[in-house]
file entry35.txt (compact mmCIF, C-alpha atoms and all ligand atoms)
# COMPACT_ATOMS: atom_id res chain seq x y z
CA MET A 1 11.74 -15.21 -18.52
CA ALA A 2 10.54 -12.33 -16.34
CA TYR A 3 7.00 -10.97 -16.61
CA ASN A 4 6.25 -7.24 -16.48
CA VAL A 5 3.30 -6.65 -14.16
CA THR A 6 1.80 -3.34 -13.03
CA LEU A 7 1.43 -3.23 -9.24
CA ILE A 8 -1.15 -0.74 -7.97
CA PRO A 9 -0.86 -0.51 -4.17
CA GLY A 10 -4.17 1.40 -3.90
CA ASP A 11 -5.02 3.17 -0.63
CA GLY A 12 -6.33 2.44 2.88
CA THR A 13 -5.12 -1.08 3.73
CA GLY A 14 -4.16 -1.58 0.05
CA PRO A 15 -0.42 -0.71 0.24
CA ASP A 16 0.18 -3.17 3.14
CA LEU A 17 -1.70 -5.92 1.31
CA ALA A 18 -0.01 -5.27 -2.05
CA GLU A 19 3.48 -5.31 -0.56
CA VAL A 20 2.93 -8.59 1.26
CA THR A 21 1.28 -10.15 -1.81
CA ALA A 22 4.13 -9.15 -4.15
CA ARG A 23 6.67 -10.68 -1.72
CA VAL A 24 4.66 -13.91 -1.48
CA ILE A 25 4.39 -14.17 -5.28
CA ASP A 26 8.15 -13.54 -5.63
CA ALA A 27 8.70 -16.44 -3.21
CA THR A 28 7.09 -18.86 -5.71
CA GLY A 29 10.20 -18.37 -7.84
CA VAL A 30 8.31 -16.83 -10.78
CA LYS A 31 10.29 -13.79 -11.92
CA ILE A 32 8.22 -10.63 -12.05
CA ASN A 33 9.31 -7.05 -12.74
CA TRP A 34 6.78 -5.11 -10.68
CA GLU A 35 6.06 -1.69 -12.20
CA ILE A 36 4.53 0.41 -9.43
CA ALA A 37 1.69 2.70 -10.56
CA HIS A 38 -0.63 4.64 -8.31
CA ALA A 39 -4.37 5.19 -8.04
CA GLY A 40 -6.64 6.24 -5.20
CA VAL A 41 -6.99 8.96 -2.59
CA ASP A 42 -3.26 9.27 -1.76
CA ILE A 43 -2.17 10.03 -5.35
CA MET A 44 -5.16 12.37 -5.76
CA GLU A 45 -3.65 14.66 -3.13
CA LYS A 46 -0.38 14.82 -5.15
CA GLU A 47 -1.59 14.78 -8.76
CA GLY A 48 -5.15 16.07 -8.50
CA THR A 49 -6.65 12.91 -9.98
CA PRO A 50 -7.24 9.52 -8.34
CA LEU A 51 -6.54 7.76 -11.65
CA PRO A 52 -3.50 9.20 -13.48
CA GLU A 53 -3.27 8.42 -17.23
CA SER A 54 0.24 7.04 -16.57
CA THR A 55 -1.32 4.27 -14.44
CA LEU A 56 -3.75 3.28 -17.19
CA ASN A 57 -0.88 3.38 -19.70
CA SER A 58 1.23 1.09 -17.52
CA ILE A 59 -1.61 -1.49 -17.46
CA ARG A 60 -2.14 -1.09 -21.23
CA LYS A 61 1.56 -1.72 -21.81
CA ASN A 62 2.04 -4.68 -19.44
CA LYS A 63 -1.42 -6.19 -20.05
CA VAL A 64 -1.42 -7.62 -16.50
CA ALA A 65 -1.89 -5.77 -13.20
CA LEU A 66 -2.26 -6.68 -9.54
CA LYS A 67 -4.28 -4.06 -7.73
CA GLY A 68 -4.85 -3.26 -4.05
CA PRO A 69 -8.26 -1.88 -3.08
CA ILE A 70 -9.09 1.76 -3.73
CA THR A 71 -11.41 4.02 -1.75
CA THR A 72 -14.06 5.82 -3.74
CA PRO A 73 -13.27 9.51 -3.09
CA ILE A 74 -16.29 11.77 -2.76
CA GLY A 75 -16.68 14.82 -5.01
CA THR A 76 -13.95 14.17 -7.64
CA GLY A 77 -16.10 13.49 -10.64
CA PHE A 78 -15.20 9.79 -10.28
CA ARG A 79 -18.07 7.64 -9.09
CA SER A 80 -15.54 4.90 -8.42
CA VAL A 81 -11.90 4.58 -9.51
CA ASN A 82 -12.39 0.82 -9.64
CA VAL A 83 -15.33 1.14 -12.02
CA ALA A 84 -13.37 3.72 -14.07
CA ILE A 85 -10.40 1.31 -14.50
CA ARG A 86 -12.76 -1.46 -15.67
CA LYS A 87 -14.54 0.87 -18.10
CA GLU A 88 -11.40 2.59 -19.46
CA LEU A 89 -9.75 -0.75 -20.23
CA ASP A 90 -13.00 -2.49 -21.23
CA LEU A 91 -12.46 -5.21 -18.62
CA TYR A 92 -15.85 -6.71 -19.30
CA THR A 93 -15.65 -9.79 -17.09
CA CYS A 94 -15.24 -9.96 -13.35
CA LEU A 95 -14.30 -13.46 -12.19
CA ARG A 96 -14.81 -14.35 -8.55
CA PRO A 97 -14.10 -17.94 -7.52
CA CYS A 98 -15.55 -18.81 -4.07
CA LYS A 99 -14.09 -21.85 -2.41
CA THR A 100 -14.09 -23.05 1.21
CA TYR A 101 -10.70 -23.73 2.77
CA LYS A 102 -10.34 -26.06 5.75
CA GLY A 103 -9.91 -24.03 8.93
CA VAL A 104 -12.04 -21.07 7.87
CA ARG A 105 -15.02 -20.39 10.11
CA SER A 106 -18.06 -20.86 7.90
CA LYS A 107 -21.46 -22.46 8.23
CA TYR A 108 -20.80 -24.24 4.93
CA GLU A 109 -18.40 -26.92 3.74
CA ASN A 110 -17.13 -27.87 0.29
CA ILE A 111 -18.30 -24.74 -1.49
CA ASP A 112 -16.74 -24.37 -4.92
CA LEU A 113 -18.60 -21.72 -6.90
CA VAL A 114 -17.45 -19.30 -9.58
CA VAL A 115 -19.23 -15.98 -10.05
CA VAL A 116 -18.78 -14.42 -13.51
CA ARG A 117 -20.08 -10.85 -13.42
CA GLU A 118 -20.50 -8.44 -16.32
CA ASN A 119 -18.39 -5.39 -15.58
CA THR A 120 -19.23 -2.53 -17.96
CA GLU A 121 -23.00 -2.26 -18.52
CA ASP A 122 -26.21 -2.26 -16.48
CA LEU A 123 -26.88 0.32 -13.76
CA TYR A 124 -23.10 0.78 -13.43
CA ALA A 125 -22.91 2.48 -16.85
CA GLY A 126 -23.07 5.80 -14.96
CA VAL A 127 -26.05 7.17 -16.88
CA GLU A 128 -27.95 8.90 -14.09
CA PHE A 129 -30.12 12.00 -14.00
CA ALA A 130 -30.77 14.23 -10.99
CA PRO A 131 -34.33 15.10 -9.91
CA ASP A 132 -35.77 17.93 -12.06
CA SER A 133 -32.87 17.86 -14.55
CA ASP A 134 -33.93 18.42 -18.17
CA GLU A 135 -33.05 14.81 -18.99
CA ALA A 136 -35.06 13.42 -16.06
CA LYS A 137 -38.05 15.57 -17.09
CA LYS A 138 -37.85 14.25 -20.68
CA ILE A 139 -37.74 10.65 -19.52
CA ILE A 140 -40.66 11.19 -17.15
CA GLU A 141 -42.61 12.58 -20.08
CA LEU A 142 -41.64 9.60 -22.26
CA SER A 143 -42.76 7.20 -19.51
CA LYS A 144 -46.32 8.52 -19.87
CA ASN A 145 -46.61 9.19 -16.15
CA LYS A 146 -45.35 5.80 -15.04
CA ILE A 147 -42.56 7.70 -13.25
CA VAL A 148 -43.46 9.97 -10.34
CA PRO A 149 -42.57 13.67 -11.08
CA HIS A 150 -39.28 14.94 -9.56
CA SER A 151 -37.80 11.41 -9.51
CA ALA A 152 -34.08 10.76 -9.90
CA ILE A 153 -33.42 8.33 -12.73
CA SER A 154 -30.72 5.71 -13.42
CA ILE A 155 -30.57 4.02 -16.81
CA LYS A 156 -29.94 0.30 -17.13
CA PRO A 157 -28.38 -0.46 -20.53
CA ILE A 158 -27.82 -4.12 -21.44
CA SER A 159 -26.60 -5.08 -24.92
CA ARG A 160 -26.71 -8.39 -26.76
CA GLU A 161 -23.00 -8.21 -27.55
CA GLY A 162 -22.05 -7.23 -23.98
CA SER A 163 -24.07 -10.14 -22.61
CA ARG A 164 -22.80 -12.60 -25.23
CA ARG A 165 -19.12 -11.96 -24.56
CA LEU A 166 -19.64 -12.27 -20.79
CA VAL A 167 -21.57 -15.55 -21.04
CA LYS A 168 -19.02 -16.86 -23.56
CA PHE A 169 -16.29 -16.15 -21.00
CA ALA A 170 -18.30 -18.14 -18.41
CA PHE A 171 -18.66 -21.14 -20.75
CA ASP A 172 -15.01 -21.03 -21.86
CA TYR A 173 -13.94 -20.86 -18.20
CA ALA A 174 -16.22 -23.82 -17.40
CA ALA A 175 -14.77 -25.85 -20.31
CA LYS A 176 -11.17 -25.04 -19.37
CA HIS A 177 -11.68 -25.87 -15.68
CA ASN A 178 -13.71 -29.06 -16.12
CA ARG A 179 -16.87 -27.56 -14.75
CA LYS A 180 -20.24 -29.02 -15.58
CA LYS A 181 -22.79 -26.25 -15.56
CA VAL A 182 -23.37 -22.52 -16.19
CA THR A 183 -26.36 -20.85 -14.51
CA ALA A 184 -27.44 -17.47 -15.92
CA VAL A 185 -29.20 -15.25 -13.38
CA THR A 186 -31.40 -12.16 -13.87
CA LYS A 187 -34.85 -10.79 -13.03
CA ALA A 188 -36.19 -11.24 -16.56
CA ASN A 189 -39.77 -11.80 -15.41
CA ILE A 190 -39.85 -8.09 -14.44
CA MET A 191 -37.21 -6.50 -16.71
CA LYS A 192 -38.31 -8.24 -19.88
CA PHE A 193 -36.24 -6.19 -22.33
CA THR A 194 -32.92 -5.70 -20.51
CA ASP A 195 -32.66 -8.89 -18.45
CA GLY A 196 -34.65 -10.69 -21.14
CA LEU A 197 -31.93 -9.78 -23.65
CA PHE A 198 -29.25 -11.11 -21.29
CA PHE A 199 -31.04 -14.49 -21.14
CA GLU A 200 -31.58 -14.48 -24.91
CA ALA A 201 -27.87 -13.90 -25.54
CA ALA A 202 -26.98 -16.53 -22.91
CA ARG A 203 -29.19 -19.14 -24.63
CA GLU A 204 -27.51 -18.42 -27.97
CA VAL A 205 -24.06 -18.97 -26.44
CA ALA A 206 -25.24 -22.08 -24.52
CA LYS A 207 -26.19 -23.75 -27.81
CA GLU A 208 -22.53 -23.70 -28.86
CA TYR A 209 -21.69 -25.86 -25.81
CA GLU A 210 -24.68 -28.22 -25.97
CA GLY A 211 -23.80 -31.74 -24.86
CA LYS A 212 -20.63 -30.48 -23.17
CA ILE A 213 -21.73 -27.98 -20.51
CA GLU A 214 -25.19 -27.81 -19.00
CA TYR A 215 -27.05 -24.47 -19.05
CA GLU A 216 -29.85 -23.31 -16.77
CA GLU A 217 -31.55 -20.05 -15.75
CA ARG A 218 -32.60 -18.70 -12.36
CA LEU A 219 -34.24 -15.51 -11.11
CA ILE A 220 -31.99 -13.50 -8.78
CA ASP A 221 -34.33 -13.55 -5.76
CA ASN A 222 -34.77 -17.31 -5.94
CA MET A 223 -31.02 -17.73 -6.57
CA CYS A 224 -30.16 -15.91 -3.32
CA MET A 225 -32.33 -18.34 -1.36
CA GLN A 226 -31.03 -21.37 -3.26
CA LEU A 227 -27.42 -20.38 -2.62
CA VAL A 228 -28.04 -20.06 1.11
CA GLN A 229 -29.95 -23.37 1.28
CA LYS A 230 -28.31 -25.56 -1.39
CA PRO A 231 -25.09 -23.94 -2.64
CA ASN A 232 -23.72 -27.28 -3.82
CA LEU A 233 -26.28 -27.38 -6.63
CA TYR A 234 -24.38 -24.60 -8.44
CA ASP A 235 -21.12 -24.37 -10.33
CA VAL A 236 -20.39 -21.37 -12.63
CA ILE A 237 -22.85 -18.45 -12.30
CA ALA A 238 -23.10 -15.74 -15.00
CA LEU A 239 -24.82 -12.43 -14.19
CA PRO A 240 -25.27 -8.81 -15.29
CA ASN A 241 -23.31 -6.22 -13.32
CA LEU A 242 -25.49 -5.28 -10.32
CA TYR A 243 -26.78 -8.78 -9.52
CA GLY A 244 -23.19 -10.03 -9.91
CA ASP A 245 -21.90 -7.46 -7.44
CA ILE A 246 -24.44 -8.41 -4.79
CA LEU A 247 -24.17 -12.15 -5.34
CA SER A 248 -20.35 -12.00 -5.11
CA ASP A 249 -20.60 -10.72 -1.55
CA LEU A 250 -23.22 -13.35 -0.72
CA CYS A 251 -20.86 -16.04 -2.04
CA ALA A 252 -17.94 -14.49 -0.11
CA GLY A 253 -20.15 -14.87 2.99
CA LEU A 254 -20.66 -18.57 2.22
CA ILE A 255 -16.91 -19.21 2.26
CA GLY A 256 -16.13 -17.28 5.43
CA GLY A 257 -15.94 -13.61 4.52
CA LEU A 258 -14.32 -10.94 2.39
CA GLY A 259 -10.82 -11.61 3.76
CA ILE A 260 -10.47 -14.70 1.60
CA ALA A 261 -12.44 -13.85 -1.57
CA PRO A 262 -10.22 -13.25 -4.65
CA GLY A 263 -11.13 -11.70 -7.98
CA ALA A 264 -9.95 -10.86 -11.48
CA ASN A 265 -11.14 -8.52 -14.24
CA PHE A 266 -10.60 -9.59 -17.84
CA GLY A 267 -10.84 -7.69 -21.11
CA LYS A 268 -9.85 -8.85 -24.60
CA ASP A 269 -6.14 -8.87 -23.82
CA ILE A 270 -5.78 -7.14 -20.43
CA ALA A 271 -6.30 -8.64 -16.97
CA VAL A 272 -6.39 -6.85 -13.59
CA PHE A 273 -6.34 -8.99 -10.45
CA GLU A 274 -7.87 -7.68 -7.21
CA ALA A 275 -9.62 -8.87 -4.05
CA VAL A 276 -13.41 -8.62 -3.75
CA HIS A 277 -13.08 -6.51 -0.59
CA GLY A 278 -12.56 -2.75 -0.41
CA SER A 279 -9.89 -0.60 1.25
CA ALA A 280 -11.16 -1.16 4.84
CA PRO A 281 -9.83 2.34 5.71
CA LYS A 282 -10.43 1.98 9.46
CA TYR A 283 -7.57 -0.56 9.53
CA LYS A 284 -5.15 1.57 7.44
CA GLY A 285 -1.51 1.21 8.54
CA MET A 286 -2.43 -1.23 11.35
CA ASN A 287 -0.92 -4.40 9.78
CA LYS A 288 -4.18 -6.11 10.68
CA VAL A 289 -6.27 -7.24 7.70
CA ASN A 290 -6.12 -10.58 5.95
CA PRO A 291 -3.84 -10.71 2.87
CA THR A 292 -5.41 -13.99 1.65
CA ALA A 293 -7.91 -12.44 -0.78
CA LEU A 294 -5.21 -10.50 -2.63
CA ILE A 295 -2.75 -13.42 -2.47
CA LEU A 296 -5.42 -15.75 -3.95
CA SER A 297 -5.96 -13.09 -6.65
CA GLY A 298 -2.21 -13.55 -7.23
CA VAL A 299 -2.87 -17.29 -7.63
CA LEU A 300 -5.34 -16.42 -10.41
CA MET A 301 -2.71 -14.11 -11.92
CA LEU A 302 -0.06 -16.84 -11.97
CA GLU A 303 -2.56 -19.16 -13.66
CA HIS A 304 -3.30 -16.44 -16.23
CA LEU A 305 0.44 -16.07 -16.91
CA GLY A 306 0.61 -19.82 -17.58
CA GLU A 307 2.58 -20.48 -14.37
CA ILE A 308 0.25 -23.31 -13.39
CA GLU A 309 2.65 -25.17 -11.11
CA ALA A 310 3.51 -22.00 -9.16
CA SER A 311 -0.16 -21.06 -8.86
CA LYS A 312 -1.03 -24.51 -7.45
CA LYS A 313 1.95 -24.41 -5.07
CA LEU A 314 0.90 -20.99 -3.80
CA GLU A 315 -2.74 -21.98 -3.28
CA LYS A 316 -1.57 -25.07 -1.36
CA ALA A 317 0.67 -22.93 0.87
CA VAL A 318 -2.20 -20.52 1.64
CA ALA A 319 -4.55 -23.45 2.37
CA ALA A 320 -1.96 -25.04 4.70
CA VAL A 321 -1.46 -21.82 6.73
CA ILE A 322 -5.23 -21.37 7.08
CA ALA A 323 -5.74 -25.04 8.04
CA GLU A 324 -3.06 -24.82 10.77
CA GLY A 325 -4.78 -21.69 12.08
CA LYS A 326 -1.70 -20.38 13.96
CA GLU A 327 -0.35 -17.53 11.81
CA VAL A 328 -3.70 -16.16 10.66
CA THR A 329 -5.36 -12.75 10.97
CA TYR A 330 -8.19 -11.74 13.32
CA ASP A 331 -11.00 -12.58 10.89
CA LEU A 332 -9.79 -16.20 10.81
CA GLY A 333 -9.65 -16.34 14.61
CA GLY A 334 -5.92 -15.61 14.93
CA THR A 335 -3.71 -12.77 16.16
CA ALA A 336 -1.17 -12.56 13.33
CA GLY A 337 -0.78 -9.33 11.35
CA THR A 338 -0.89 -8.97 7.56
CA LYS A 339 2.92 -9.29 7.32
CA GLU A 340 3.18 -12.26 9.67
CA MET A 341 0.54 -14.20 7.77
CA GLY A 342 2.41 -13.43 4.53
CA GLN A 343 5.67 -14.64 6.10
CA ALA A 344 3.99 -17.89 7.20
CA ILE A 345 2.84 -18.47 3.61
CA ILE A 346 6.37 -17.80 2.33
CA ALA A 347 7.75 -20.28 4.90
CA LYS A 348 5.28 -22.92 3.66
CA LEU A 349 6.32 -22.25 0.04
CA LYS A 350 9.94 -22.86 0.99
CA SER A 351 9.34 -25.95 3.16
P1 LIG A 401 -14.55 -3.04 2.75
O1 LIG A 401 -14.52 -4.33 1.97
O2 LIG A 401 -13.38 -2.15 2.59
O3 LIG A 401 -14.65 -3.39 4.31
C1 LIG A 401 -15.80 -3.87 4.95
C2 LIG A 401 -15.37 -4.66 6.17
O4 LIG A 401 -14.96 -5.96 5.74
C3 LIG A 401 -14.14 -4.10 6.89
O5 LIG A 401 -14.48 -3.13 7.83
C4 LIG A 401 -13.60 -5.34 7.52
O6 LIG A 401 -14.29 -5.64 8.70
C5 LIG A 401 -13.86 -6.41 6.50
N1 LIG A 401 -12.72 -6.63 5.60
C6 LIG A 401 -12.52 -6.10 4.37
N2 LIG A 401 -11.37 -6.54 3.87
C7 LIG A 401 -10.81 -7.35 4.80
C8 LIG A 401 -9.60 -8.09 4.87
N3 LIG A 401 -8.71 -8.12 3.87
N4 LIG A 401 -9.35 -8.81 6.00
C9 LIG A 401 -10.23 -8.84 7.00
N5 LIG A 401 -11.38 -8.15 7.00
C10 LIG A 401 -11.68 -7.41 5.90
O7 LIG A 401 -15.91 -2.31 2.37
P2 LIG A 401 -16.39 -0.81 2.65
O8 LIG A 401 -16.01 -0.41 4.03
O9 LIG A 401 -17.80 -0.80 2.22
O10 LIG A 401 -15.57 0.05 1.60
C11 LIG A 401 -14.43 0.84 1.90
C12 LIG A 401 -13.98 1.56 0.63
O11 LIG A 401 -13.52 0.60 -0.33
C13 LIG A 401 -15.11 2.35 -0.06
O12 LIG A 401 -14.61 3.59 -0.50
C14 LIG A 401 -15.48 1.47 -1.24
O13 LIG A 401 -15.98 2.22 -2.31
C15 LIG A 401 -14.14 0.84 -1.57
N6 LIG A 401 -14.24 -0.44 -2.29
C16 LIG A 401 -13.24 -0.71 -3.16
C17 LIG A 401 -13.23 -1.91 -3.85
C18 LIG A 401 -12.10 -2.18 -4.79
O14 LIG A 401 -11.05 -1.57 -4.68
N7 LIG A 401 -12.27 -3.07 -5.75
C19 LIG A 401 -14.22 -2.88 -3.61
C20 LIG A 401 -15.21 -2.59 -2.66
C21 LIG A 401 -15.22 -1.37 -2.01
call {"tool": "encode", "arguments": {"input": "entry35.txt", "output": "structure tokens"}}
result
Amino acid sequence: MAYNVTLIPGDGTGPDLAEVTARVIDATGVKINWEIAHAGVDIMEKEGTPLPESTLNSIRKNKVALKGPITTPIGTGFRSVNVAIRKELDLYTCLRPCKTYKGVRSKYENIDLVVVRENTEDLYAGVEFAPDSDEAKKIIELSKNKIVPHSAISIKPISREGSRRLVKFAFDYAAKHNRKKVTAVTKANIMKFTDGLFFEAAREVAKEYEGKIEYEERLIDNMCMQLVQKPNLYDVIALPNLYGDILSDLCAGLIGGLGIAPGANFGKDIAVFEAVHGSAPKYKGMNKVNPTALILSGVLMLEHLGEIEASKKLEKAVAAVIAEGKEVTYDLGGTAGTKEMGQAIIAKLKS
């Protein structure tokens, strides 16, 4: 059986990475009909929008997409195309496994963390008011002078249902992957209503898994220090949107950088797989950046499709190429280009 998957090359270094990744996935033997759909700054020049409806429709139809990074164009009405895709398709969970591979330069060993970030609410909801706008003035009035006049204002909405479904995803993931613990992280001592509600919802969900998966809570500031000092204490980490975004990069740092950090966005029945990193536009067209993060996102995609054997085989091939350290990109201490590293992974798959 062949799977229909939407392939979004993206922009900047995205098209190089997406092409190499699609070839590597094809080499696992899993049959995929790649339906190419565009988003980003290049298509904006042609179609006047960085996110054509046809691209969203392709993802809606195929239910699975692999996406290269996309630059956030300035002055288009889109704060971020990436955020828009997640919101349009209600991809409420962002999954970011962070694992050390032998051969990667990192101060840490044996890291195996999973960040589960809420993707649709919080300060990313896009509810922002400019200084002196009517809305900002009204809110300043409502705040009874707690807010300094002429302030700009961003609203942080957090709902019980939005938090519940995210934390439920984290627990289900933990159960399915034999993980022992979920840690919920916020700043609920300061934001008692919003972050407090996230914790409340998390505790409700945790009860359903009592005796099977441990649950604990941390404050985000303390969690940053703990992860730098004792990362092995943690397992699956569930967070609201902004904290999740920041902590994902911290965890990518623990495992040796953005070049090897994969990700996936899940909704009720749609999944979009993408690297944690952005479009690194200064390296556009240079065949330079590391394809590992997008290829490991492909590993997550194969797992999602139920192609478990192929996903394990591909992860093993990536790990072997990194461990040998010969055909690797600059960030892993090598001189290989994006394509050459992809070819080395294909050679490992076939050996
Ligand atoms: P970036 O992740 O694109 O790059 C930051 C630096 O990280 C690069 O200069 C490079 O040194 C390194 N890096 C990134 N990817 C790498 C790779 N595959 N291999 C080796 N090194 C790599 O972050 P940025 O420069 O802040 O963002 C550039 C654009 O990407 C912005 O417009 C931003 O909004 C967008 N962005 C998109 C996504 C996404 O598509 N999901 C995510 C983050 C940022």
call {"tool": "atom_distance", "arguments": {"input": "entry35.txt", "atom1": "atom CA of A:Glu214", "atom2": "atom CA of A:His304"}}
result
24.8 Å
call {"tool": "closest_residue", "arguments": {"input": "entry35.txt", "among": "A:Gly257, A:Gly278, A:Pro15, A:Gly263", "to": "ligand LIG 401 (chain A)", "atoms": "all atoms listed in the file"}}
result
A:Gly278
call {"tool": "closest_residue", "arguments": {"input": "entry35.txt", "among": "A:Glu35, A:Glu121, A:Asp26, A:Asp249", "to": "ligand LIG 401 (chain A)", "atoms": "only C-alpha atoms and all ligand atoms"}}
result
A:Asp249
call {"tool": "atom_distance", "arguments": {"input": "entry35.txt", "atom1": "atom CA of A:Asp122", "atom2": "atom CA of A:Phe198"}}
result
10.5 Å
call {"tool": "residues_near_ligand", "arguments": {"input": "entry35.txt", "ligand": "ligand LIG 401 (chain A)", "cutoff": "10 Å", "atoms": "all atoms listed in the file", "output": "JSON, numbers by chain"}}
result
{"A": [10, 11, 12, 13, 14, 17, 40, 41, 67, 68, 69, 70, 71, 72, 73, 74, 79, 80, 81, 82, 83, 85, 245, 249, 257, 258, 259, 260, 261, 263, 264, 273, 274, 275, 276, 277, 278, 279, 280, 281, 282, 283, 288, 289, 290, 291, 292, 293, 294, 329, 330, 331, 332, 338]}
call {"tool": "write_last_selection", "arguments": {"input": "entry35.txt", "atoms": "C-alpha atoms", "output": "PDB file, in the frame of the given file"}}
result
ATOM      1  CA  GLY A  10      -4.170   1.400  -3.900  1.00  0.00           C
ATOM      2  CA  ASP A  11      -5.020   3.170  -0.630  1.00  0.00           C
ATOM      3  CA  GLY A  12      -6.330   2.440   2.880  1.00  0.00           C
ATOM      4  CA  THR A  13      -5.120  -1.080   3.730  1.00  0.00           C
ATOM      5  CA  GLY A  14      -4.160  -1.580   0.050  1.00  0.00           C
ATOM      6  CA  LEU A  17      -1.700  -5.920   1.310  1.00  0.00           C
ATOM      7  CA  GLY A  40      -6.640   6.240  -5.200  1.00  0.00           C
ATOM      8  CA  VAL A  41      -6.990   8.960  -2.590  1.00  0.00           C
ATOM      9  CA  LYS A  67      -4.280  -4.060  -7.730  1.00  0.00           C
ATOM     10  CA  GLY A  68      -4.850  -3.260  -4.050  1.00  0.00           C
ATOM     11  CA  PRO A  69      -8.260  -1.880  -3.080  1.00  0.00           C
ATOM     12  CA  ILE A  70      -9.090   1.760  -3.730  1.00  0.00           C
ATOM     13  CA  THR A  71     -11.410   4.020  -1.750  1.00  0.00           C
ATOM     14  CA  THR A  72     -14.060   5.820  -3.740  1.00  0.00           C
ATOM     15  CA  PRO A  73     -13.270   9.510  -3.090  1.00  0.00           C
ATOM     16  CA  ILE A  74     -16.290  11.770  -2.760  1.00  0.00           C
ATOM     17  CA  ARG A  79     -18.070   7.640  -9.090  1.00  0.00           C
ATOM     18  CA  SER A  80     -15.540   4.900  -8.420  1.00  0.00           C
ATOM     19  CA  VAL A  81     -11.900   4.580  -9.510  1.00  0.00           C
ATOM     20  CA  ASN A  82     -12.390   0.820  -9.640  1.00  0.00           C
ATOM     21  CA  VAL A  83     -15.330   1.140 -12.020  1.00  0.00           C
ATOM     22  CA  ILE A  85     -10.400   1.310 -14.500  1.00  0.00           C
ATOM     23  CA  ASP A 245     -21.900  -7.460  -7.440  1.00  0.00           C
ATOM     24  CA  ASP A 249     -20.600 -10.720  -1.550  1.00  0.00           C
ATOM     25  CA  GLY A 257     -15.940 -13.610   4.520  1.00  0.00           C
ATOM     26  CA  LEU A 258     -14.320 -10.940   2.390  1.00  0.00           C
ATOM     27  CA  GLY A 259     -10.820 -11.610   3.760  1.00  0.00           C
ATOM     28  CA  ILE A 260     -10.470 -14.700   1.600  1.00  0.00           C
ATOM     29  CA  ALA A 261     -12.440 -13.850  -1.570  1.00  0.00           C
ATOM     30  CA  GLY A 263     -11.130 -11.700  -7.980  1.00  0.00           C
ATOM     31  CA  ALA A 264      -9.950 -10.860 -11.480  1.00  0.00           C
ATOM     32  CA  PHE A 273      -6.340  -8.990 -10.450  1.00  0.00           C
ATOM     33  CA  GLU A 274      -7.870  -7.680  -7.210  1.00  0.00           C
ATOM     34  CA  ALA A 275      -9.620  -8.870  -4.050  1.00  0.00           C
ATOM     35  CA  VAL A 276     -13.410  -8.620  -3.750  1.00  0.00           C
ATOM     36  CA  HIS A 277     -13.080  -6.510  -0.590  1.00  0.00           C
ATOM     37  CA  GLY A 278     -12.560  -2.750  -0.410  1.00  0.00           C
ATOM     38  CA  SER A 279      -9.890  -0.600   1.250  1.00  0.00           C
ATOM     39  CA  ALA A 280     -11.160  -1.160   4.840  1.00  0.00           C
ATOM     40  CA  PRO A 281      -9.830   2.340   5.710  1.00  0.00           C
ATOM     41  CA  LYS A 282     -10.430   1.980   9.460  1.00  0.00           C
ATOM     42  CA  TYR A 283      -7.570  -0.560   9.530  1.00  0.00           C
ATOM     43  CA  LYS A 288      -4.180  -6.110  10.680  1.00  0.00           C
ATOM     44  CA  VAL A 289      -6.270  -7.240   7.700  1.00  0.00           C
ATOM     45  CA  ASN A 290      -6.120 -10.580   5.950  1.00  0.00           C
ATOM     46  CA  PRO A 291      -3.840 -10.710   2.870  1.00  0.00           C
ATOM     47  CA  THR A 292      -5.410 -13.990   1.650  1.00  0.00           C
ATOM     48  CA  ALA A 293      -7.910 -12.440  -0.780  1.00  0.00           C
ATOM     49  CA  LEU A 294      -5.210 -10.500  -2.630  1.00  0.00           C
ATOM     50  CA  THR A 329      -5.360 -12.750  10.970  1.00  0.00           C
ATOM     51  CA  TYR A 330      -8.190 -11.740  13.320  1.00  0.00           C
ATOM     52  CA  ASP A 331     -11.000 -12.580  10.890  1.00  0.00           C
ATOM     53  CA  LEU A 332      -9.790 -16.200  10.810  1.00  0.00           C
ATOM     54  CA  THR A 338      -0.890  -8.970   7.560  1.00  0.00           C
TER      55      THR A 338
END
call {"tool": "closest_residue", "arguments": {"input": "entry35.txt", "among": "A:Ala202, A:Ala344, A:Ile147, A:Ala130", "to": "A:Phe169", "atoms": "all atoms listed in the file"}}
result
A:Ala202
call {"tool": "residues_around", "arguments": {"input": "entry35.txt", "residues": "A:Val328", "least_positions_apart": "6", "cutoff": "8 Å", "atoms": "all atoms listed in the file", "output": "PDB file with C-alpha atoms, keeping the file's coordinate frame"}}
result
ATOM      1  CA  ASN A 290      -6.120 -10.580   5.950  1.00  0.00           C
ATOM      2  CA  VAL A 321      -1.460 -21.820   6.730  1.00  0.00           C
ATOM      3  CA  ILE A 322      -5.230 -21.370   7.080  1.00  0.00           C
ATOM      4  CA  GLY A 334      -5.920 -15.610  14.930  1.00  0.00           C
ATOM      5  CA  THR A 335      -3.710 -12.770  16.160  1.00  0.00           C
ATOM      6  CA  ALA A 336      -1.170 -12.560  13.330  1.00  0.00           C
ATOM      7  CA  GLY A 337      -0.780  -9.330  11.350  1.00  0.00           C
ATOM      8  CA  GLU A 340       3.180 -12.260   9.670  1.00  0.00           C
ATOM      9  CA  MET A 341       0.540 -14.200   7.770  1.00  0.00           C
TER      10      MET A 341
END
call {"tool": "atom_distance", "arguments": {"input": "entry35.txt", "atom1": "atom CA of A:Pro52", "atom2": "atom CA of A:Gly298"}}
result
23.6 Å
call {"tool": "residues_around", "arguments": {"input": "entry35.txt", "residues": "A:Ala136", "least_positions_apart": "4", "cutoff": "8 Å", "atoms": "all atoms listed in the file", "output": "tab-separated table (two decimals) with C-alpha atoms, in the coordinates of the input"}}
result
chain	number	residue	atom	x	y	z
A	129	PHE	CA	-30.12	12.00	-14.00
A	130	ALA	CA	-30.77	14.23	-10.99
A	131	PRO	CA	-34.33	15.10	-9.91
A	132	ASP	CA	-35.77	17.93	-12.06
A	140	ILE	CA	-40.66	11.19	-17.15
A	150	HIS	CA	-39.28	14.94	-9.56
A	151	SER	CA	-37.80	11.41	-9.51
A	152	ALA	CA	-34.08	10.76	-9.90
A	153	ILE	CA	-33.42	8.33	-12.73
